[in-house]
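entry-v7.cif, holding mmCIF, N, CA and C atoms:
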```
data_my_file
#
loop_
_atom_site.label_atom_id
_atom_site.label_comp_id
_atom_site.auth_asym_id
_atom_site.auth_seq_id
_atom_site.Cartn_x
_atom_site.Cartn_y
_atom_site.Cartn_z
N MET X 12 123.34 88.04 78.32
CA MET X 12 123.55 88.01 79.76
C MET X 12 122.25 88.33 80.49
N ALA X 13 121.51 89.33 80.00
CA ALA X 13 120.27 89.71 80.66
C ALA X 13 119.23 88.59 80.56
N SER X 14 119.19 87.91 79.42
CA SER X 14 118.22 86.83 79.27
C SER X 14 118.56 85.66 80.19
N LEU X 15 119.85 85.43 80.40
CA LEU X 15 120.26 84.37 81.32
C LEU X 15 119.84 84.70 82.74
N LEU X 16 120.02 85.95 83.13
CA LEU X 16 119.61 86.38 84.47
C LEU X 16 118.10 86.28 84.63
N LYS X 17 117.35 86.70 83.62
CA LYS X 17 115.89 86.63 83.69
C LYS X 17 115.43 85.18 83.80
N SER X 18 116.06 84.28 83.06
CA SER X 18 115.66 82.88 83.14
C SER X 18 116.05 82.27 84.49
N PHE X 19 117.08 82.81 85.12
CA PHE X 19 117.52 82.31 86.42
C PHE X 19 116.54 82.68 87.53
N ILE X 20 115.93 83.88 87.43
CA ILE X 20 115.02 84.31 88.49
C ILE X 20 113.56 84.08 88.15
N ASP X 21 113.27 83.53 86.98
CA ASP X 21 111.90 83.26 86.57
C ASP X 21 111.41 81.96 87.22
N PRO X 22 110.35 82.02 88.05
CA PRO X 22 109.88 80.80 88.72
C PRO X 22 109.36 79.73 87.75
N LYS X 23 108.98 80.13 86.56
CA LYS X 23 108.47 79.15 85.58
C LYS X 23 109.59 78.31 84.99
N LYS X 24 110.81 78.85 85.01
CA LYS X 24 111.94 78.16 84.38
C LYS X 24 112.95 77.59 85.37
N ASN X 25 112.99 78.12 86.57
CA ASN X 25 114.01 77.71 87.53
C ASN X 25 113.36 77.09 88.76
N PHE X 26 113.80 75.92 89.11
CA PHE X 26 113.26 75.19 90.25
C PHE X 26 113.50 75.94 91.56
N LEU X 27 114.70 76.48 91.74
CA LEU X 27 115.02 77.18 92.99
C LEU X 27 114.20 78.45 93.14
N ALA X 28 113.98 79.16 92.04
CA ALA X 28 113.14 80.37 92.09
C ALA X 28 111.70 79.99 92.43
N ARG X 29 111.25 78.87 91.91
CA ARG X 29 109.91 78.39 92.20
C ARG X 29 109.78 78.03 93.69
N MET X 30 110.79 77.38 94.23
CA MET X 30 110.77 77.02 95.65
C MET X 30 110.80 78.27 96.54
N HIS X 31 111.60 79.25 96.14
CA HIS X 31 111.67 80.51 96.90
C HIS X 31 110.32 81.22 96.87
N MET X 32 109.70 81.27 95.70
CA MET X 32 108.41 81.94 95.58
C MET X 32 107.35 81.22 96.43
N LYS X 33 107.41 79.90 96.48
CA LYS X 33 106.46 79.14 97.28
C LYS X 33 106.67 79.42 98.77
N ALA X 34 107.92 79.52 99.20
CA ALA X 34 108.22 79.81 100.60
C ALA X 34 107.74 81.21 100.99
N ILE X 35 107.97 82.17 100.12
CA ILE X 35 107.50 83.54 100.38
C ILE X 35 105.98 83.56 100.44
N SER X 36 105.35 82.86 99.51
CA SER X 36 103.89 82.80 99.46
C SER X 36 103.32 82.21 100.74
N THR X 37 103.93 81.15 101.24
CA THR X 37 103.46 80.52 102.47
C THR X 37 103.57 81.47 103.65
N ARG X 38 104.67 82.16 103.75
CA ARG X 38 104.86 83.09 104.87
C ARG X 38 103.89 84.27 104.80
N LEU X 39 103.64 84.78 103.59
CA LEU X 39 102.71 85.89 103.45
C LEU X 39 101.28 85.45 103.75
N ARG X 40 100.90 84.25 103.31
CA ARG X 40 99.56 83.74 103.55
C ARG X 40 99.30 83.55 105.05
N ARG X 41 100.30 83.16 105.79
CA ARG X 41 100.12 82.94 107.23
C ARG X 41 99.62 84.19 107.95
N TYR X 42 100.04 85.34 107.47
CA TYR X 42 99.65 86.60 108.10
C TYR X 42 98.64 87.40 107.28
N GLY X 43 98.28 86.90 106.11
CA GLY X 43 97.30 87.59 105.29
C GLY X 43 97.85 88.81 104.57
N LEU X 44 99.13 88.78 104.25
CA LEU X 44 99.77 89.91 103.59
C LEU X 44 99.91 89.68 102.09
N ARG X 45 100.16 90.75 101.38
CA ARG X 45 100.53 90.69 99.97
C ARG X 45 101.97 91.16 99.85
N TYR X 46 102.61 90.77 98.76
CA TYR X 46 104.02 91.11 98.57
C TYR X 46 104.22 92.62 98.55
N ASP X 47 103.30 93.35 97.94
CA ASP X 47 103.42 94.81 97.87
C ASP X 47 103.26 95.48 99.22
N ASP X 48 102.69 94.78 100.20
CA ASP X 48 102.58 95.34 101.55
C ASP X 48 103.94 95.50 102.21
N LEU X 49 104.94 94.80 101.71
CA LEU X 49 106.27 94.83 102.32
C LEU X 49 107.07 96.08 101.95
N TYR X 50 106.59 96.84 100.97
CA TYR X 50 107.29 98.08 100.60
C TYR X 50 107.10 99.11 101.71
N ASP X 51 108.21 99.74 102.11
CA ASP X 51 108.17 100.74 103.17
C ASP X 51 108.18 102.12 102.55
N GLN X 52 107.20 102.92 102.90
CA GLN X 52 107.11 104.24 102.30
C GLN X 52 108.18 105.21 102.80
N TYR X 53 108.87 104.84 103.87
CA TYR X 53 109.97 105.67 104.36
C TYR X 53 111.30 105.29 103.72
N TYR X 54 111.32 104.21 102.97
CA TYR X 54 112.55 103.76 102.32
C TYR X 54 112.86 104.62 101.11
N SER X 55 111.85 104.96 100.35
CA SER X 55 112.06 105.71 99.12
C SER X 55 110.93 106.71 98.94
N MET X 56 111.27 107.87 98.45
CA MET X 56 110.24 108.89 98.20
C MET X 56 109.36 108.48 97.02
N ASP X 57 109.89 107.67 96.11
CA ASP X 57 109.06 107.18 95.01
C ASP X 57 107.96 106.27 95.52
N ILE X 58 108.26 105.44 96.49
CA ILE X 58 107.24 104.56 97.06
C ILE X 58 106.19 105.39 97.78
N LYS X 59 106.63 106.41 98.50
CA LYS X 59 105.69 107.27 99.20
C LYS X 59 104.77 107.99 98.22
N GLU X 60 105.33 108.47 97.12
CA GLU X 60 104.52 109.16 96.09
C GLU X 60 103.54 108.18 95.45
N ALA X 61 103.99 106.96 95.17
CA ALA X 61 103.09 105.96 94.59
C ALA X 61 101.96 105.62 95.55
N MET X 62 102.25 105.54 96.85
CA MET X 62 101.21 105.28 97.84
C MET X 62 100.21 106.42 97.91
N ASN X 63 100.69 107.65 97.75
CA ASN X 63 99.79 108.80 97.78
C ASN X 63 98.86 108.83 96.57
N ARG X 64 99.29 108.25 95.46
CA ARG X 64 98.48 108.25 94.24
C ARG X 64 97.46 107.12 94.19
N LEU X 65 97.61 106.14 95.05
CA LEU X 65 96.66 105.02 95.06
C LEU X 65 95.31 105.47 95.61
N PRO X 66 94.23 104.80 95.20
CA PRO X 66 92.91 105.12 95.77
C PRO X 66 92.88 104.87 97.28
N ARG X 67 92.07 105.61 97.97
CA ARG X 67 91.99 105.54 99.42
C ARG X 67 91.61 104.14 99.91
N GLU X 68 90.73 103.45 99.18
CA GLU X 68 90.28 102.12 99.60
C GLU X 68 91.45 101.13 99.59
N VAL X 69 92.33 101.26 98.60
CA VAL X 69 93.48 100.35 98.48
C VAL X 69 94.45 100.58 99.63
N VAL X 70 94.68 101.84 99.98
CA VAL X 70 95.59 102.17 101.08
C VAL X 70 94.99 101.72 102.41
N ASP X 71 93.68 101.88 102.59
CA ASP X 71 93.02 101.43 103.82
C ASP X 71 93.10 99.92 103.96
N ALA X 72 92.90 99.19 102.84
CA ALA X 72 92.99 97.73 102.89
C ALA X 72 94.42 97.30 103.24
N ARG X 73 95.41 98.00 102.71
CA ARG X 73 96.81 97.70 103.02
C ARG X 73 97.08 97.90 104.51
N ASN X 74 96.61 99.03 105.03
CA ASN X 74 96.83 99.30 106.45
C ASN X 74 96.14 98.27 107.34
N GLN X 75 94.96 97.82 106.95
CA GLN X 75 94.26 96.79 107.72
C GLN X 75 95.03 95.47 107.69
N ARG X 76 95.58 95.11 106.52
CA ARG X 76 96.36 93.88 106.43
C ARG X 76 97.60 93.97 107.31
N LEU X 77 98.26 95.12 107.31
CA LEU X 77 99.46 95.29 108.13
C LEU X 77 99.13 95.23 109.62
N LYS X 78 98.03 95.86 110.01
CA LYS X 78 97.62 95.82 111.42
C LYS X 78 97.29 94.39 111.85
N ARG X 79 96.57 93.67 110.99
CA ARG X 79 96.23 92.29 111.32
C ARG X 79 97.48 91.43 111.44
N ALA X 80 98.44 91.65 110.53
CA ALA X 80 99.68 90.88 110.57
C ALA X 80 100.48 91.18 111.84
N MET X 81 100.54 92.44 112.23
CA MET X 81 101.25 92.79 113.46
C MET X 81 100.55 92.19 114.68
N ASP X 82 99.23 92.22 114.69
CA ASP X 82 98.48 91.64 115.80
C ASP X 82 98.72 90.13 115.89
N LEU X 83 98.66 89.45 114.77
CA LEU X 83 98.90 88.01 114.77
C LEU X 83 100.33 87.68 115.19
N SER X 84 101.27 88.49 114.75
CA SER X 84 102.66 88.26 115.10
C SER X 84 102.89 88.45 116.60
N MET X 85 102.28 89.46 117.18
CA MET X 85 102.44 89.70 118.62
C MET X 85 101.81 88.58 119.44
N LYS X 86 100.76 87.98 118.91
CA LYS X 86 100.09 86.88 119.62
C LYS X 86 100.73 85.52 119.33
N HIS X 87 101.72 85.51 118.45
CA HIS X 87 102.39 84.27 118.02
C HIS X 87 101.37 83.29 117.43
N GLU X 88 100.50 83.82 116.57
CA GLU X 88 99.47 83.02 115.91
C GLU X 88 99.54 83.25 114.41
N TYR X 89 98.81 82.41 113.67
CA TYR X 89 98.66 82.57 112.23
C TYR X 89 97.17 82.68 111.91
N LEU X 90 96.89 83.09 110.70
CA LEU X 90 95.50 83.10 110.25
C LEU X 90 94.97 81.66 110.25
N PRO X 91 93.67 81.48 110.42
CA PRO X 91 93.10 80.13 110.29
C PRO X 91 93.34 79.59 108.88
N LYS X 92 93.41 78.28 108.77
CA LYS X 92 93.72 77.63 107.49
C LYS X 92 92.74 78.00 106.39
N ASP X 93 91.45 78.15 106.73
CA ASP X 93 90.47 78.48 105.69
C ASP X 93 90.69 79.90 105.15
N LEU X 94 91.14 80.82 105.99
CA LEU X 94 91.45 82.17 105.51
C LEU X 94 92.78 82.21 104.77
N GLN X 95 93.72 81.38 105.16
CA GLN X 95 94.99 81.32 104.44
C GLN X 95 94.78 80.85 103.01
N ALA X 96 93.81 79.97 102.81
CA ALA X 96 93.57 79.41 101.48
C ALA X 96 93.06 80.44 100.49
N VAL X 97 92.38 81.49 100.97
CA VAL X 97 91.80 82.49 100.05
C VAL X 97 92.71 83.70 99.86
N GLN X 98 93.86 83.73 100.51
CA GLN X 98 94.78 84.86 100.37
C GLN X 98 95.47 84.84 99.00
N THR X 99 95.73 86.03 98.49
CA THR X 99 96.41 86.18 97.19
C THR X 99 97.67 87.01 97.40
N PRO X 100 98.78 86.38 97.81
CA PRO X 100 99.97 87.15 98.19
C PRO X 100 100.67 87.86 97.02
N PHE X 101 100.53 87.38 95.80
CA PHE X 101 101.25 88.01 94.70
C PHE X 101 100.34 88.81 93.79
N ARG X 102 99.17 89.14 94.26
CA ARG X 102 98.28 90.03 93.51
C ARG X 102 98.69 91.46 93.84
N GLY X 103 99.36 92.09 92.92
CA GLY X 103 99.95 93.39 93.19
C GLY X 103 98.98 94.55 93.01
N TYR X 104 99.26 95.62 93.71
CA TYR X 104 98.49 96.84 93.57
C TYR X 104 99.40 98.07 93.50
N LEU X 105 100.67 97.89 93.80
CA LEU X 105 101.59 99.03 93.89
C LEU X 105 102.60 99.07 92.76
N GLN X 106 102.91 97.95 92.15
CA GLN X 106 103.98 97.86 91.15
C GLN X 106 103.77 98.81 89.97
N GLU X 107 102.56 98.83 89.43
CA GLU X 107 102.31 99.66 88.25
C GLU X 107 102.46 101.14 88.58
N MET X 108 101.90 101.56 89.71
CA MET X 108 102.00 102.97 90.11
C MET X 108 103.45 103.33 90.44
N LEU X 109 104.17 102.42 91.06
CA LEU X 109 105.58 102.67 91.38
C LEU X 109 106.41 102.80 90.11
N ALA X 110 106.15 101.95 89.13
CA ALA X 110 106.87 102.05 87.85
C ALA X 110 106.57 103.38 87.18
N LEU X 111 105.33 103.84 87.24
CA LEU X 111 104.96 105.13 86.64
C LEU X 111 105.68 106.28 87.34
N VAL X 112 105.72 106.25 88.66
CA VAL X 112 106.39 107.31 89.42
C VAL X 112 107.89 107.32 89.13
N GLU X 113 108.50 106.14 89.08
CA GLU X 113 109.94 106.07 88.77
C GLU X 113 110.22 106.56 87.36
N ARG X 114 109.35 106.20 86.42
CA ARG X 114 109.52 106.67 85.04
C ARG X 114 109.40 108.19 84.97
N GLU X 115 108.46 108.77 85.70
CA GLU X 115 108.30 110.22 85.72
C GLU X 115 109.51 110.91 86.34
N SER X 116 110.05 110.34 87.41
CA SER X 116 111.21 110.98 88.05
C SER X 116 112.44 110.89 87.15
N LYS X 117 112.61 109.77 86.43
CA LYS X 117 113.73 109.66 85.49
C LYS X 117 113.56 110.65 84.34
N GLU X 118 112.33 110.84 83.90
CA GLU X 118 112.08 111.79 82.82
C GLU X 118 112.38 113.22 83.28
N ARG X 119 111.95 113.55 84.50
CA ARG X 119 112.24 114.89 85.03
C ARG X 119 113.74 115.10 85.17
N GLU X 120 114.46 114.07 85.60
CA GLU X 120 115.91 114.16 85.74
C GLU X 120 116.57 114.33 84.38
N ALA X 121 116.09 113.62 83.37
CA ALA X 121 116.66 113.72 82.03
C ALA X 121 116.42 115.11 81.43
N LEU X 122 115.28 115.73 81.77
CA LEU X 122 114.98 117.05 81.25
C LEU X 122 115.66 118.16 82.05
N GLY X 123 116.25 117.79 83.18
CA GLY X 123 116.95 118.79 84.00
C GLY X 123 116.04 119.56 84.92
N ALA X 124 114.82 119.09 85.12
CA ALA X 124 113.89 119.77 86.01
C ALA X 124 114.18 119.39 87.45
N LEU X 125 113.72 120.22 88.35
CA LEU X 125 113.87 119.93 89.76
C LEU X 125 112.94 118.80 90.15
N PRO X 126 113.33 117.99 91.12
CA PRO X 126 112.44 116.90 91.55
C PRO X 126 111.18 117.46 92.21
N LEU X 127 110.11 116.70 92.14
CA LEU X 127 108.85 117.13 92.74
C LEU X 127 108.93 117.15 94.26
N TYR X 128 109.80 116.33 94.81
CA TYR X 128 109.89 116.22 96.25
C TYR X 128 111.35 116.02 96.64
N GLN X 129 111.66 116.46 97.83
CA GLN X 129 113.01 116.30 98.35
C GLN X 129 112.95 115.32 99.52
N ARG X 130 114.00 114.56 99.70
CA ARG X 130 114.03 113.61 100.79
C ARG X 130 114.16 114.38 102.11
N THR X 131 113.30 114.02 103.05
CA THR X 131 113.35 114.60 104.37
C THR X 131 113.40 113.45 105.37
N LEU X 132 113.95 113.74 106.51
CA LEU X 132 114.00 112.73 107.56
C LEU X 132 112.62 112.60 108.20
N PRO X 133 112.13 111.37 108.40
CA PRO X 133 110.81 111.21 109.01
C PRO X 133 110.83 111.53 110.48
#
```
Take the structure from the file and write it as structure tokens.
Amino acid sequence: MASLLKSFIDPKKNFLARMHMKAISTRLRRYGLRYDDLYDQYYSMDIKEAMNRLPREVVDARNQRLKRAMDLSMKHEYLPKDLQAVQTPFRGYLQEMLALVERESKEREALGALPLYQRTLP
């Protein structure tokens, strides 16, 4: 069952998944964003912890991309075509750190330790 599901969402094997990935890629390129930029640090404490562990340059680049995207959106404009061509929307920077943080929190939970952080309202 799991292999069937994986083959269904794999863009290399499924035409619809490939079309969806292309549509997402086009929309992200228009604003100069990466897929990992869409993660909200207020949604999950694990995402916030992973963001805190990233190097400062990576976080600054993310913030600049988000600011540029918001500015373009408010102006009802897109990036110029030549800049859209050099964008890499699926080049991740957060997935590995997020997986590490989630693995650590599951390990702490399995050992019965208290969590490193508690959810607070922003």
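Remark: for Thr37 (chain X), the closest of the candidate residues X:Ala96, X:Met108, X:Met85, X:Leu122 is X:Ala96 (distances computed over only C-alpha atoms).
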**Report entry** Selection dump of the PyMOL selection byres (((chain X and resi 61-75 and name CA) around 12) and name CA), as number ranges by chain
**Finding:** X: 42-53, 55-60, 76-82, 103-116
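Relative to atom N of Ile35 (chain X), atom N of Glu88 (chain X) is found at 18.1 Å.
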Requested in this report: Mind the document's chain letters and residue numbers, and return as a VMD selection string the residues of chain X that DSSP labels alpha helix (DSSP H).
Outcome: chain X and resid 13 to 20 26 to 42 56 to 64 67 to 85 92 to 96 106 to 122
Grab all the atoms of region 64-83 of chain X that the file lists, wrap them in a box along x, y and z, add 4 Å per side, and give me centre plus edge lengths in Å (one decimal) as AutoDock Vina command-line options.
```
--center_x 95.8 --center_y 98.0 --center_z 105.0 --size_x 19.0 --size_y 28.6 --size_z 29.7
```
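The residues returned by the PyMOL selection byres (((chain X and resi 36 and name CA) around 9) and name CA) for this structure are His31, Met32, Lys33, Ala34, Ile35, Thr37, Arg38, Leu39, Arg40, Arg41, Arg45, Tyr46, Thr99, Pro100 and Phe101 of chain X.
Interatomic distance, CA of Ser84 (chain X) against CA of Val97 (chain X): 19.4 Å.
Across the model, the gap from CA of His87 (chain X) to CA of Tyr54 (chain X) is 27.0 Å.
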